[in-house]
$ cat work10.csv   # CSV, C-alpha atoms
chain,number,residue,atom,x,y,z
A,1213,MET,CA,33.8,64.9,-40.5
A,1214,LYS,CA,34.5,67.0,-37.4
A,1215,PHE,CA,38.1,66.0,-37.4
A,1216,PHE,CA,38.4,66.8,-41.1
A,1217,LYS,CA,37.2,70.3,-40.5
A,1218,SER,CA,39.5,70.8,-37.6
A,1219,THR,CA,42.4,69.6,-39.7
A,1220,LEU,CA,41.5,72.0,-42.5
A,1221,ILE,CA,41.4,74.9,-40.0
A,1222,LEU,CA,44.8,73.8,-38.5
A,1223,LEU,CA,46.4,73.5,-41.9
A,1224,PHE,CA,45.1,76.9,-43.0
A,1225,THR,CA,46.3,78.5,-39.7
A,1226,LEU,CA,49.7,76.9,-40.0
A,1227,GLY,CA,50.0,77.9,-43.7
A,1228,VAL,CA,49.3,81.5,-42.7
A,1229,THR,CA,51.7,81.6,-39.9
A,1230,ILE,CA,54.7,79.8,-41.4
A,1231,SER,CA,54.6,80.6,-45.1
A,1232,TYR,CA,55.4,84.3,-45.2
A,1233,ALA,CA,58.9,84.1,-46.7
A,1234,GLN,CA,61.1,81.6,-48.3
A,1235,GLU,CA,64.4,82.1,-46.5
A,1236,THR,CA,67.3,79.7,-47.0
A,1237,ILE,CA,68.1,77.7,-43.9
A,1238,GLN,CA,71.1,75.3,-43.6
A,1239,MET,CA,69.9,71.8,-42.8
A,1240,GLN,CA,71.6,68.9,-41.1
A,1241,THR,CA,70.3,65.4,-41.7
A,1242,PRO,CA,69.3,63.6,-38.5
A,1243,VAL,CA,71.5,60.5,-37.8
A,1244,ASN,CA,68.5,58.1,-37.9
A,1245,ALA,CA,67.1,59.5,-41.2
A,1246,ASN,CA,68.0,56.5,-43.3
A,1247,LYS,CA,66.3,54.1,-40.9
A,1248,LEU,CA,63.2,56.3,-40.9
A,1249,PHE,CA,63.1,56.5,-44.7
A,1250,LYS,CA,63.4,52.7,-45.0
A,1251,ALA,CA,60.5,52.3,-42.5
A,1252,PHE,CA,58.4,54.9,-44.3
A,1253,ILE,CA,58.9,53.2,-47.7
A,1254,ALA,CA,58.2,49.8,-46.3
A,1255,LYS,CA,55.0,50.6,-44.5
A,1256,GLU,CA,51.6,49.9,-46.2
A,1257,LYS,CA,50.0,53.2,-47.3
A,1258,PHE,CA,46.5,54.4,-47.9
A,1259,ILE,CA,45.0,52.0,-45.4
A,1260,ASN,CA,42.2,52.6,-42.9
A,1261,GLU,CA,43.9,54.3,-40.0
A,1262,ASN,CA,42.8,56.8,-37.4
A,1263,THR,CA,40.1,58.9,-39.1
A,1264,TYR,CA,41.2,58.1,-42.7
A,1265,PRO,CA,38.8,55.4,-44.1
A,1266,GLY,CA,41.4,54.1,-46.6
A,1267,ILE,CA,41.8,54.7,-50.3
A,1268,SER,CA,38.6,55.8,-52.1
A,1269,ASP,CA,39.4,53.7,-55.2
A,1270,GLU,CA,41.4,50.5,-54.6
A,1271,LYS,CA,42.9,50.8,-58.1
A,1272,LEU,CA,44.6,54.0,-57.1
A,1273,LYS,CA,46.4,52.5,-54.1
A,1274,PRO,CA,49.4,51.0,-55.9
A,1275,ILE,CA,49.8,54.1,-58.1
A,1276,LEU,CA,49.7,56.5,-55.2
A,1277,THR,CA,51.9,54.3,-53.1
A,1278,GLU,CA,54.5,54.1,-55.8
A,1279,LYS,CA,54.5,57.9,-56.2
A,1280,ILE,CA,54.8,58.7,-52.5
A,1281,ASN,CA,57.6,56.2,-52.2
A,1282,GLU,CA,59.4,57.9,-55.1
A,1283,VAL,CA,59.1,61.1,-53.2
A,1284,ALA,CA,60.5,59.4,-50.1
A,1285,VAL,CA,63.5,58.2,-52.2
A,1286,GLU,CA,64.0,61.8,-53.5
A,1287,PHE,CA,63.9,63.1,-49.9
A,1288,LYS,CA,66.5,60.4,-48.9
A,1289,ASN,CA,68.8,61.3,-51.9
A,1290,VAL,CA,68.6,65.0,-51.0
A,1291,SER,CA,69.3,64.2,-47.3
A,1292,GLU,CA,72.7,62.8,-48.4
A,1293,PHE,CA,73.9,66.2,-49.9
A,1294,LYS,CA,77.0,67.5,-48.3
A,1295,GLU,CA,75.7,71.1,-48.3
A,1296,LEU,CA,72.0,71.0,-47.7
A,1297,THR,CA,69.3,73.7,-47.3
A,1298,ASN,CA,65.6,73.8,-46.8
A,1299,ILE,CA,65.3,74.9,-50.5
A,1300,ASP,CA,66.6,71.5,-51.6
A,1301,TYR,CA,63.7,69.8,-49.8
A,1302,LEU,CA,61.2,72.4,-51.1
A,1303,LYS,CA,62.2,71.5,-54.6
A,1304,VAL,CA,61.5,67.9,-53.8
A,1305,ILE,CA,58.1,68.8,-52.3
A,1306,LYS,CA,57.1,70.9,-55.3
A,1307,ASN,CA,58.2,68.2,-57.8
A,1308,GLY,CA,56.7,65.5,-55.7
A,1309,LEU,CA,53.3,67.1,-55.3
A,1310,SER,CA,53.1,67.6,-59.1
A,1311,LYS,CA,53.1,63.7,-59.4
A,1312,PHE,CA,49.6,63.7,-58.0
A,1313,PRO,CA,47.3,65.3,-60.6
A,1314,GLU,CA,43.9,65.1,-58.9
A,1315,LEU,CA,41.8,65.7,-61.9
A,1316,GLU,CA,43.5,63.0,-64.0
A,1317,LEU,CA,43.5,60.3,-61.3
A,1318,GLY,CA,40.2,61.4,-59.6
A,1319,PHE,CA,41.1,60.8,-56.0
A,1320,ASP,CA,38.9,62.5,-53.3
A,1321,SER,CA,39.7,65.1,-50.7
A,1322,GLU,CA,40.4,62.5,-48.0
A,1323,ASP,CA,43.0,60.8,-50.2
A,1324,ARG,CA,44.5,64.2,-51.0
A,1325,GLU,CA,44.7,65.0,-47.3
A,1326,ARG,CA,46.4,61.7,-46.7
A,1327,ILE,CA,49.0,62.5,-49.4
A,1328,CYS,CA,49.7,65.8,-47.6
A,1329,LEU,CA,50.1,63.9,-44.3
A,1330,TYR,CA,52.7,61.6,-46.0
A,1331,PHE,CA,54.6,64.7,-47.1
A,1332,GLU,CA,54.5,66.0,-43.6
A,1333,GLU,CA,55.9,62.7,-42.3
A,1334,LEU,CA,58.8,63.0,-44.7
A,1335,MET,CA,59.4,66.6,-43.6
A,1336,ASP,CA,59.4,65.4,-40.0
A,1337,ILE,CA,62.1,62.8,-40.8
A,1338,VAL,CA,64.5,65.6,-41.9
A,1339,ASN,CA,63.2,68.2,-39.4
A,1340,LEU,CA,61.9,70.5,-42.2
A,1341,GLU,CA,59.5,72.9,-40.4
A,1342,SER,CA,57.7,74.4,-43.4
A,1343,SER,CA,56.7,73.6,-46.9
A,1344,ASN,CA,56.3,77.3,-47.5
A,1345,GLY,CA,52.7,76.9,-48.6
A,1346,LEU,CA,53.3,74.2,-51.1
A,1347,ILE,CA,51.3,71.6,-49.3
A,1348,ASN,CA,48.4,74.1,-48.7
A,1349,LYS,CA,48.5,75.0,-52.4
A,1350,PHE,CA,48.2,71.3,-53.3
A,1351,TYR,CA,45.4,70.7,-50.9
A,1352,TYR,CA,43.4,73.9,-51.3
A,1353,GLY,CA,44.5,75.0,-54.8
A,1354,PHE,CA,46.0,78.1,-53.2
A,1355,ALA,CA,48.3,79.0,-50.4
A,1356,PRO,CA,46.7,81.1,-47.7
A,1357,ASN,CA,49.7,83.5,-47.7
A,1358,ASP,CA,49.0,84.4,-51.3
A,1359,PHE,CA,46.0,86.4,-50.1
A,1360,ILE,CA,48.1,88.1,-47.4
A,1361,LYS,CA,50.8,89.2,-50.0
A,1362,GLN,CA,48.1,90.9,-52.1
A,1363,ASP,CA,46.9,93.2,-49.2
$ encode --input "work10.csv" --output "structure tokens"
Amino acid sequence: MKFFKSTLILLFTLGVTISYAQETIQMQTPVNANKLFKAFIAKEKFINENTYPGISDEKLKPILTEKINEVAVEFKNVSEFKELTNIDYLKVIKNGLSKFPELELGFDSEDRERICLYFEELMDIVNLESSNGLINKFYYGFAPNDFIKQD
């Protein structure tokens, strides 16, 4: 529980510091991205690892695994664009997160946090530094920078 609270504080802090503006940044796909995408898709997901106890409802595991792998394929497809920007990836993140409707599937906060971490792994593969608050909005229901903009 202590790690979970620390993670929440870290995510909130990162969201506040990196999500002020959505500027367009030219991206270049790392040479080893295809290899990393293959490894990501092949690995078993939603298992007990580190502080994550594993999927809360075993019936959800194949559903959530399929959805996160679909997002990985979308990331891979975008990474092959000749002219590529961070906005291309942000569209994939936004669309991908919409595949995980919490209320309909009923997964708990630890599962939702694990989904966010998978998105961050995909971002790391392509060196995307920020989701511009999209991951925070998915996890918390709001992006911390939304409050800053209102001030």
$ residues_around --input "work10.csv" --residues "range 1271-1283 of chain A" --least-positions-apart "4" --cutoff "12 Å" --atoms "only C-alpha atoms" --output "JSON, numbers by chain"
{"A": [1249, 1250, 1251, 1252, 1253, 1254, 1255, 1256, 1257, 1258, 1259, 1260, 1266, 1267, 1287, 1288, 1289, 1290, 1301, 1302, 1303, 1304, 1305, 1306, 1307, 1308, 1309, 1310, 1311, 1312, 1313, 1314, 1316, 1317, 1318, 1319, 1320, 1323, 1324, 1326, 1327, 1328, 1329, 1330, 1331, 1332, 1333, 1334, 1335]}
$ atom_distance --input "work10.csv" --atom1 "CA of Gln1238 in chain A" --atom2 "CA of Thr1297 in chain A"
4.4 Å
$ atom_distance --input "work10.csv" --atom1 "CA of Gly1345 in chain A" --atom2 "CA of Asn1244 in chain A"
26.8 Å
$ atom_distance --input "work10.csv" --atom1 "CA of Val1338 in chain A" --atom2 "CA of Lys1247 in chain A"
11.7 Å
$ closest_residue --input "work10.csv" --among "A:Asn1298, A:Ser1291, A:Asn1246, A:Gln1240" --to "Leu1340 in chain A" --atoms "only C-alpha atoms"
A:Asn1298
$ closest_residue --input "work10.csv" --among "A:Ile1299, A:Pro1265, A:Asp1336, A:Tyr1351" --to "Met1239 in chain A" --atoms "only C-alpha atoms"
A:Ile1299
